[in-house]
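Below is one structure, written out as structure tokens; the observations come after it.
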Amino acid sequence: MKIGILGAGHMGGAMIKGWLRSKQVQPKNILVKGGKSGTAEALQAELGFELTQDINDFAKVDVIFLAVSTPLIMPMIEQLKEILIKTNIPLVSVSAGVPIQEMQEVLGEEYPIAHAIPNTPAQINQGITGISFAKKINSDEKKLITTAFEYLGTIMEISESKIGVFGTLAGCGPAFVDIFLDALADGAVLHGLDRETAQTVAAHMVSSAANLMLETGKHPGVLKDEVASPGGTTIKGITALEKEGFRYATINALDTIMKS
Ligand SMILES: NC(=O)c1ccc[n+]([C@@H]2O[C@H](COP(=O)([O-])OP(=O)(O)OC[C@H]3O[C@@H](n4cnc5c(N)ncnc54)[C@H](OP(=O)(O)O)[C@@H]3O)[C@@H](O)[C@H]2O)c1
């Protein structure tokens with residue numbers, strides 16, 4: 001599969017790294033166009049993919065991903081329009097803010113478009129991507145896009161109306177977890193554990209707790225009850241968290257994004 005991607009910032013860069021790390025895509029089969037700051041050039045020096053500033057080169061790829069900032073998605077589609085209409089290359093936008101319908105207004109209802117929200121763990125092939133497809137996309141085009149995202153981790157087909165909330169949870173969530181990890185490590189450092197050990201333990205604990213939920217299929221409340229014995233230390237910690245509005249703060253973070 002020959003992949004074309006415009007934008008090699010945080011998300012685009014994570015996708016490129018993930019494809020190369022998966023060993024399913026060779027550097028010569030990833031064509032990248034970056035912006036003007038040199039980010040893509042620096043990444044290319046590290047990873048060795050194909051780099052271009054000529055938009056016409058994208059006529060030779062099998063699938064095109066747009067990983068530029070949201071306000072640039074539609075101008076980018078306008079720039080690519082001639083090539084796209086001529087070639088019918090499937091187009092995937094990973095922008096949080098541009099619905100399929102808006103892209104169809106430029107490319108037509110028949111055009112093979114997907115709107116997908118991956119997340120940065122894609123760079124270690126542990127991402128989760130929600131994908132919404134245009135109605136008229138055919139099964140081969142769908143398979144091509146799905147396969148490219150499967151190289152980056154887990155995928156989930158999701159309706160366009162739910163892609164916003166999916167992106168808030170999966171796309172913004174890693175930053176919430178990063179803050180939680182940092183705070184957990186701070187708490188352990190406060191009581192004498194060195195920073196490196198504290199961070200390693202916190203990261204393993206969070207990832208193993210999440211894996212336990214995924215593997216057992218148990219509700220997180222049930223797993224919490226299995227740790228919190230009556231009158232024990234864990235329930236004291238939970239009480240302290242709830243006193244500070246831990247759950248509300250978390251729910252409110254998602255709610256605030258959705259309402260913004
Ligand atoms: N970050 C996430 O976790 C995440 C998750 C899901 C979806 N997304 C979506 O991914 C998209 C990119 O987000 P990001 O966080 O990766 O932003 P970012 O780090 O700012 O990356 C955007 C990249 O686009 C490049 N660019 C600007 N103009 C360009 C042009 N004319 N042609 C090609 N590339 C151009 C920029 O290059 P220069 O710096 O050189 O200008 C920059 O590297 C957004 O639409 C966002 O909604 C992000």
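Chain lettering (A, B, ...) mirrors the order of the structure tokens, residue numbering begins at 1 for each chain separately, and ligand numbering begins at 1 in order of display.
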
* To do: Report the residues of region 88-225 of chain A whose backbone DSSP state falls under strand (DSSP E or B), written as a list in words.
  => Leu91, Val92, Ser93, Ile113, Ala114, His115, Ala116, Ile117, Gly127, Ile128, Thr129, Gly130, Ile131, Ser132, Phe133, Gly153, Thr154, Ile155, Met156 and Glu157 of chain A

Hey, could you make a per-residue contact list for chain A against ligand 1 with 9 Å as the cut-off, showing the nearest pair of atoms and its distance in Å to one decimal, counting only C-alpha atoms and all ligand atoms, sorted by chain and number, as a Markdown table?
| residue | atom | partner | partner_atom_place_in_ligand_line | distance |
| --- | --- | --- | --- | --- |
| A:Ile5 | CA | ligand 1 | 33 (C) | 8.2 |
| A:Leu6 | CA | ligand 1 | 33 (C) | 4.5 |
| A:Gly7 | CA | ligand 1 | 34 (N) | 3.6 |
| A:Ala8 | CA | ligand 1 | 43 (O) | 4.6 |
| A:Gly9 | CA | ligand 1 | 43 (O) | 3.3 |
| A:His10 | CA | ligand 1 | 16 (O) | 3.6 |
| A:Met11 | CA | ligand 1 | 16 (O) | 3.6 |
| A:Gly12 | CA | ligand 1 | 16 (O) | 5.4 |
| A:Gly13 | CA | ligand 1 | 16 (O) | 7.1 |
| A:Ala14 | CA | ligand 1 | 16 (O) | 8.2 |
| A:Val32 | CA | ligand 1 | 33 (C) | 7.9 |
| A:Lys33 | CA | ligand 1 | 33 (C) | 4.8 |
| A:Gly34 | CA | ligand 1 | 34 (N) | 3.6 |
| A:Gly35 | CA | ligand 1 | 40 (O) | 3.4 |
| A:Lys36 | CA | ligand 1 | 40 (O) | 4.1 |
| A:Ser37 | CA | ligand 1 | 40 (O) | 3.5 |
| A:Gly38 | CA | ligand 1 | 40 (O) | 5.1 |
| A:Thr39 | CA | ligand 1 | 40 (O) | 5.0 |
| A:Ala40 | CA | ligand 1 | 40 (O) | 6.4 |
| A:Glu41 | CA | ligand 1 | 40 (O) | 8.6 |
| A:Gln53 | CA | ligand 1 | 32 (N) | 7.8 |
| A:Ile55 | CA | ligand 1 | 32 (N) | 8.7 |
| A:Leu66 | CA | ligand 1 | 11 (C) | 7.5 |
| A:Ala67 | CA | ligand 1 | 11 (C) | 4.3 |
| A:Val68 | CA | ligand 1 | 24 (O) | 3.8 |
| A:Ser69 | CA | ligand 1 | 45 (O) | 3.9 |
| A:Thr70 | CA | ligand 1 | 45 (O) | 4.2 |
| A:Pro71 | CA | ligand 1 | 45 (O) | 7.8 |
| A:Leu72 | CA | ligand 1 | 28 (N) | 7.0 |
| A:Ile73 | CA | ligand 1 | 45 (O) | 7.2 |
| A:Pro75 | CA | ligand 1 | 31 (N) | 8.7 |
| A:Met76 | CA | ligand 1 | 31 (N) | 7.0 |
| A:Ser93 | CA | ligand 1 | 45 (O) | 7.6 |
| A:Val94 | CA | ligand 1 | 9 (C) | 5.1 |
| A:Ser95 | CA | ligand 1 | 45 (O) | 3.2 |
| A:Ala96 | CA | ligand 1 | 47 (O) | 4.0 |
| A:Gly97 | CA | ligand 1 | 47 (O) | 6.3 |
| A:Val98 | CA | ligand 1 | 45 (O) | 8.3 |
| A:Ala116 | CA | ligand 1 | 7 (C) | 7.9 |
| A:Ile117 | CA | ligand 1 | 6 (C) | 4.9 |
| A:Pro118 | CA | ligand 1 | 6 (C) | 5.0 |
| A:Asn119 | CA | ligand 1 | 5 (C) | 4.6 |
| A:Thr120 | CA | ligand 1 | 3 (O) | 5.1 |
| A:Pro121 | CA | ligand 1 | 3 (O) | 8.7 |
| A:Thr129 | CA | ligand 1 | 6 (C) | 8.6 |
| A:Gly167 | CA | ligand 1 | 6 (C) | 6.4 |
| A:Thr168 | CA | ligand 1 | 6 (C) | 8.7 |
| A:Ala170 | CA | ligand 1 | 5 (C) | 7.8 |
| A:Gly171 | CA | ligand 1 | 5 (C) | 4.4 |
| A:Cys172 | CA | ligand 1 | 3 (O) | 6.3 |
| A:Gly173 | CA | ligand 1 | 3 (O) | 8.8 |
| A:Pro174 | CA | ligand 1 | 3 (O) | 7.8 |
| A:Ala175 | CA | ligand 1 | 3 (O) | 8.4 |

Keeping only C-alpha atoms, write those residues as an mmCIF file, in the first residue's frame.
data_model
loop_
_atom_site.group_PDB
_atom_site.id
_atom_site.type_symbol
_atom_site.label_atom_id
_atom_site.label_comp_id
_atom_site.auth_asym_id
_atom_site.auth_seq_id
_atom_site.Cartn_x
_atom_site.Cartn_y
_atom_site.Cartn_z
ATOM 1 C CA ILE A 5 -0.157 12.063 4.110
ATOM 2 C CA LEU A 6 -0.349 15.843 4.348
ATOM 3 C CA GLY A 7 0.708 17.108 7.753
ATOM 4 C CA ALA A 8 3.436 15.462 9.831
ATOM 5 C CA GLY A 9 2.838 17.155 13.178
ATOM 6 C CA HIS A 10 1.792 15.421 16.385
ATOM 7 C CA MET A 11 -0.912 13.219 14.846
ATOM 8 C CA GLY A 12 0.491 12.819 11.330
ATOM 9 C CA GLY A 13 3.933 12.085 12.780
ATOM 10 C CA ALA A 14 2.465 9.494 15.170
ATOM 11 C CA VAL A 32 4.595 13.131 3.080
ATOM 12 C CA LYS A 33 3.970 16.824 2.578
ATOM 13 C CA GLY A 34 4.649 19.030 5.569
ATOM 14 C CA GLY A 35 4.247 22.741 6.245
ATOM 15 C CA LYS A 36 6.935 25.404 6.371
ATOM 16 C CA SER A 37 8.427 24.990 9.840
ATOM 17 C CA GLY A 38 10.734 22.070 9.033
ATOM 18 C CA THR A 39 8.914 19.539 11.258
ATOM 19 C CA ALA A 40 8.380 17.113 8.365
ATOM 20 C CA GLU A 41 11.998 17.486 7.183
ATOM 21 C CA GLN A 53 6.284 19.884 -1.573
ATOM 22 C CA ILE A 55 0.908 18.313 -4.391
ATOM 23 C CA LEU A 66 -5.107 14.772 5.795
ATOM 24 C CA ALA A 67 -3.482 15.448 9.175
ATOM 25 C CA VAL A 68 -3.285 19.235 9.054
ATOM 26 C CA SER A 69 -4.988 21.535 11.539
ATOM 27 C CA THR A 70 -8.779 21.777 11.215
ATOM 28 C CA PRO A 71 -8.901 25.220 9.522
ATOM 29 C CA LEU A 72 -6.538 23.913 6.800
ATOM 30 C CA ILE A 73 -8.558 20.806 5.866
ATOM 31 C CA PRO A 75 -8.277 24.649 1.713
ATOM 32 C CA MET A 76 -6.161 21.494 1.359
ATOM 33 C CA SER A 93 -9.412 13.351 7.147
ATOM 34 C CA VAL A 94 -8.259 12.864 10.742
ATOM 35 C CA SER A 95 -9.419 16.319 11.742
ATOM 36 C CA ALA A 96 -11.678 16.562 14.750
ATOM 37 C CA GLY A 97 -13.753 19.331 13.208
ATOM 38 C CA VAL A 98 -14.667 18.678 9.558
ATOM 39 C CA ALA A 116 -11.318 9.136 11.240
ATOM 40 C CA ILE A 117 -10.054 10.073 14.671
ATOM 41 C CA PRO A 118 -6.895 8.226 15.697
ATOM 42 C CA ASN A 119 -4.854 9.037 18.799
ATOM 43 C CA THR A 120 -1.160 9.492 19.530
ATOM 44 C CA PRO A 121 -0.549 5.931 20.908
ATOM 45 C CA THR A 129 -9.208 4.908 15.782
ATOM 46 C CA GLY A 167 -12.498 12.043 19.435
ATOM 47 C CA THR A 168 -12.934 13.817 22.760
ATOM 48 C CA ALA A 170 -9.856 8.826 22.573
ATOM 49 C CA GLY A 171 -8.052 11.845 21.123
ATOM 50 C CA CYS A 172 -7.970 14.224 24.132
ATOM 51 C CA GLY A 173 -8.035 11.470 26.789
ATOM 52 C CA PRO A 174 -4.320 10.578 26.561
ATOM 53 C CA ALA A 175 -3.480 14.077 27.880
#

Please return as a PDB file with N, CA and C atoms, in the first residue's frame: the residues of region 146-198 of chain A that backbone DSSP assigns to helix (DSSP H, G or I).
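The result, stored in selection-v8.pdb:
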ATOM      1  N   THR A 146      -9.341   0.830   6.327  1.00  0.00           N
ATOM      2  CA  THR A 146      -9.387   0.069   7.574  1.00  0.00           C
ATOM      3  C   THR A 146      -8.033  -0.584   7.839  1.00  0.00           C
ATOM      4  N   THR A 147      -7.440  -1.173   6.794  1.00  0.00           N
ATOM      5  CA  THR A 147      -6.146  -1.853   6.956  1.00  0.00           C
ATOM      6  C   THR A 147      -5.074  -0.866   7.408  1.00  0.00           C
ATOM      7  N   ALA A 148      -5.057   0.324   6.797  1.00  0.00           N
ATOM      8  CA  ALA A 148      -4.041   1.323   7.175  1.00  0.00           C
ATOM      9  C   ALA A 148      -4.165   1.672   8.658  1.00  0.00           C
ATOM     10  N   PHE A 149      -5.398   1.782   9.162  1.00  0.00           N
ATOM     11  CA  PHE A 149      -5.566   2.114  10.578  1.00  0.00           C
ATOM     12  C   PHE A 149      -5.326   0.898  11.481  1.00  0.00           C
ATOM     13  N   GLU A 150      -5.601  -0.310  10.958  1.00  0.00           N
ATOM     14  CA  GLU A 150      -5.326  -1.506  11.774  1.00  0.00           C
ATOM     15  C   GLU A 150      -3.829  -1.634  12.074  1.00  0.00           C
ATOM     16  N   GLU A 160     -21.032   9.019  12.032  1.00  0.00           N
ATOM     17  CA  GLU A 160     -20.513  10.392  11.966  1.00  0.00           C
ATOM     18  C   GLU A 160     -21.025  11.248  13.141  1.00  0.00           C
ATOM     19  N   SER A 161     -22.257  10.974  13.574  1.00  0.00           N
ATOM     20  CA  SER A 161     -22.820  11.792  14.659  1.00  0.00           C
ATOM     21  C   SER A 161     -22.105  11.551  16.003  1.00  0.00           C
ATOM     22  N   LYS A 162     -21.371  10.429  16.105  1.00  0.00           N
ATOM     23  CA  LYS A 162     -20.682  10.112  17.370  1.00  0.00           C
ATOM     24  C   LYS A 162     -19.173  10.330  17.295  1.00  0.00           C
ATOM     25  N   ILE A 163     -18.687  10.767  16.137  1.00  0.00           N
ATOM     26  CA  ILE A 163     -17.235  10.871  15.975  1.00  0.00           C
ATOM     27  C   ILE A 163     -16.660  11.986  16.861  1.00  0.00           C
ATOM     28  N   GLY A 164     -17.468  13.024  17.137  1.00  0.00           N
ATOM     29  CA  GLY A 164     -17.006  14.120  17.996  1.00  0.00           C
ATOM     30  C   GLY A 164     -16.730  13.634  19.410  1.00  0.00           C
ATOM     31  N   VAL A 165     -17.674  12.908  19.953  1.00  0.00           N
ATOM     32  CA  VAL A 165     -17.487  12.429  21.337  1.00  0.00           C
ATOM     33  C   VAL A 165     -16.412  11.346  21.376  1.00  0.00           C
ATOM     34  N   PHE A 166     -16.338  10.528  20.310  1.00  0.00           N
ATOM     35  CA  PHE A 166     -15.260   9.535  20.239  1.00  0.00           C
ATOM     36  C   PHE A 166     -13.904  10.248  20.302  1.00  0.00           C
ATOM     37  N   GLY A 167     -13.769  11.310  19.498  1.00  0.00           N
ATOM     38  CA  GLY A 167     -12.498  12.043  19.435  1.00  0.00           C
ATOM     39  C   GLY A 167     -12.155  12.705  20.767  1.00  0.00           C
ATOM     40  N   THR A 168     -13.179  13.188  21.461  1.00  0.00           N
ATOM     41  CA  THR A 168     -12.934  13.817  22.760  1.00  0.00           C
ATOM     42  C   THR A 168     -12.379  12.781  23.744  1.00  0.00           C
ATOM     43  N   LEU A 169     -12.986  11.602  23.744  1.00  0.00           N
ATOM     44  CA  LEU A 169     -12.538  10.557  24.667  1.00  0.00           C
ATOM     45  C   LEU A 169     -11.175   9.992  24.257  1.00  0.00           C
ATOM     46  N   ALA A 170     -11.077   9.533  23.000  1.00  0.00           N
ATOM     47  CA  ALA A 170      -9.856   8.826  22.573  1.00  0.00           C
ATOM     48  C   ALA A 170      -8.723   9.776  22.194  1.00  0.00           C
ATOM     49  N   GLY A 171      -9.078  10.930  21.615  1.00  0.00           N
ATOM     50  CA  GLY A 171      -8.052  11.845  21.123  1.00  0.00           C
ATOM     51  C   GLY A 171      -7.511  12.758  22.218  1.00  0.00           C
ATOM     52  N   CYS A 172      -8.409  13.311  23.063  1.00  0.00           N
ATOM     53  CA  CYS A 172      -7.970  14.224  24.132  1.00  0.00           C
ATOM     54  C   CYS A 172      -7.587  13.435  25.384  1.00  0.00           C
ATOM     55  N   GLY A 173      -8.232  12.277  25.573  1.00  0.00           N
ATOM     56  CA  GLY A 173      -8.035  11.470  26.789  1.00  0.00           C
ATOM     57  C   GLY A 173      -6.585  11.183  27.156  1.00  0.00           C
ATOM     58  N   PRO A 174      -5.706  10.868  26.169  1.00  0.00           N
ATOM     59  CA  PRO A 174      -4.320  10.578  26.561  1.00  0.00           C
ATOM     60  C   PRO A 174      -3.688  11.706  27.396  1.00  0.00           C
ATOM     61  N   ALA A 175      -4.055  12.968  27.105  1.00  0.00           N
ATOM     62  CA  ALA A 175      -3.480  14.077  27.880  1.00  0.00           C
ATOM     63  C   ALA A 175      -3.995  14.061  29.323  1.00  0.00           C
ATOM     64  N   PHE A 176      -5.272  13.661  29.500  1.00  0.00           N
ATOM     65  CA  PHE A 176      -5.816  13.582  30.869  1.00  0.00           C
ATOM     66  C   PHE A 176      -5.064  12.494  31.643  1.00  0.00           C
ATOM     67  N   VAL A 177      -4.844  11.371  30.959  1.00  0.00           N
ATOM     68  CA  VAL A 177      -4.141  10.257  31.614  1.00  0.00           C
ATOM     69  C   VAL A 177      -2.697  10.664  31.928  1.00  0.00           C
ATOM     70  N   ASP A 178      -2.077  11.439  31.047  1.00  0.00           N
ATOM     71  CA  ASP A 178      -0.705  11.895  31.300  1.00  0.00           C
ATOM     72  C   ASP A 178      -0.640  12.740  32.575  1.00  0.00           C
ATOM     73  N   ILE A 179      -1.647  13.608  32.761  1.00  0.00           N
ATOM     74  CA  ILE A 179      -1.670  14.435  33.973  1.00  0.00           C
ATOM     75  C   ILE A 179      -1.871  13.536  35.204  1.00  0.00           C
ATOM     76  N   PHE A 180      -2.764  12.553  35.065  1.00  0.00           N
ATOM     77  CA  PHE A 180      -3.019  11.611  36.163  1.00  0.00           C
ATOM     78  C   PHE A 180      -1.726  10.865  36.521  1.00  0.00           C
ATOM     79  N   LEU A 181      -1.000  10.401  35.495  1.00  0.00           N
ATOM     80  CA  LEU A 181       0.255   9.676  35.727  1.00  0.00           C
ATOM     81  C   LEU A 181       1.275  10.556  36.450  1.00  0.00           C
ATOM     82  N   ASP A 182       1.362  11.802  36.012  1.00  0.00           N
ATOM     83  CA  ASP A 182       2.329  12.728  36.614  1.00  0.00           C
ATOM     84  C   ASP A 182       1.972  12.975  38.081  1.00  0.00           C
ATOM     85  N   ALA A 183       0.659  13.145  38.330  1.00  0.00           N
ATOM     86  CA  ALA A 183       0.209  13.402  39.705  1.00  0.00           C
ATOM     87  C   ALA A 183       0.417  12.172  40.601  1.00  0.00           C
ATOM     88  N   LEU A 184       0.168  10.980  40.052  1.00  0.00           N
ATOM     89  CA  LEU A 184       0.410   9.754  40.820  1.00  0.00           C
ATOM     90  C   LEU A 184       1.883   9.669  41.211  1.00  0.00           C
ATOM     91  N   ALA A 185       2.740   9.946  40.240  1.00  0.00           N
ATOM     92  CA  ALA A 185       4.182   9.890  40.523  1.00  0.00           C
ATOM     93  C   ALA A 185       4.556  10.945  41.568  1.00  0.00           C
ATOM     94  N   ASP A 186       3.963  12.148  41.470  1.00  0.00           N
ATOM     95  CA  ASP A 186       4.230  13.195  42.471  1.00  0.00           C
ATOM     96  C   ASP A 186       3.895  12.693  43.875  1.00  0.00           C
ATOM     97  N   GLY A 187       2.746  12.032  43.990  1.00  0.00           N
ATOM     98  CA  GLY A 187       2.320  11.527  45.308  1.00  0.00           C
ATOM     99  C   GLY A 187       3.315  10.541  45.875  1.00  0.00           C
ATOM    100  N   ALA A 188       3.863   9.680  44.998  1.00  0.00           N
ATOM    101  CA  ALA A 188       4.838   8.690  45.471  1.00  0.00           C
ATOM    102  C   ALA A 188       6.182   9.348  45.775  1.00  0.00           C
ATOM    103  N   VAL A 189       6.555  10.342  44.956  1.00  0.00           N
ATOM    104  CA  VAL A 189       7.816  11.076  45.211  1.00  0.00           C
ATOM    105  C   VAL A 189       7.719  11.812  46.554  1.00  0.00           C
ATOM    106  N   LEU A 190       6.531  12.354  46.833  1.00  0.00           N
ATOM    107  CA  LEU A 190       6.294  13.050  48.115  1.00  0.00           C
ATOM    108  C   LEU A 190       6.640  12.145  49.295  1.00  0.00           C
ATOM    109  N   ARG A 195      11.759   9.533  41.312  1.00  0.00           N
ATOM    110  CA  ARG A 195      10.864   9.914  40.203  1.00  0.00           C
ATOM    111  C   ARG A 195      10.762   8.823  39.147  1.00  0.00           C
ATOM    112  N   GLU A 196      11.917   8.258  38.747  1.00  0.00           N
ATOM    113  CA  GLU A 196      11.894   7.277  37.658  1.00  0.00           C
ATOM    114  C   GLU A 196      11.073   6.049  38.047  1.00  0.00           C
ATOM    115  N   THR A 197      11.319   5.555  39.269  1.00  0.00           N
ATOM    116  CA  THR A 197      10.566   4.377  39.732  1.00  0.00           C
ATOM    117  C   THR A 197       9.086   4.718  39.836  1.00  0.00           C
ATOM    118  N   ALA A 198       8.786   5.891  40.388  1.00  0.00           N
ATOM    119  CA  ALA A 198       7.385   6.293  40.567  1.00  0.00           C
ATOM    120  C   ALA A 198       6.664   6.339  39.223  1.00  0.00           C
TER     121      ALA A 198
END
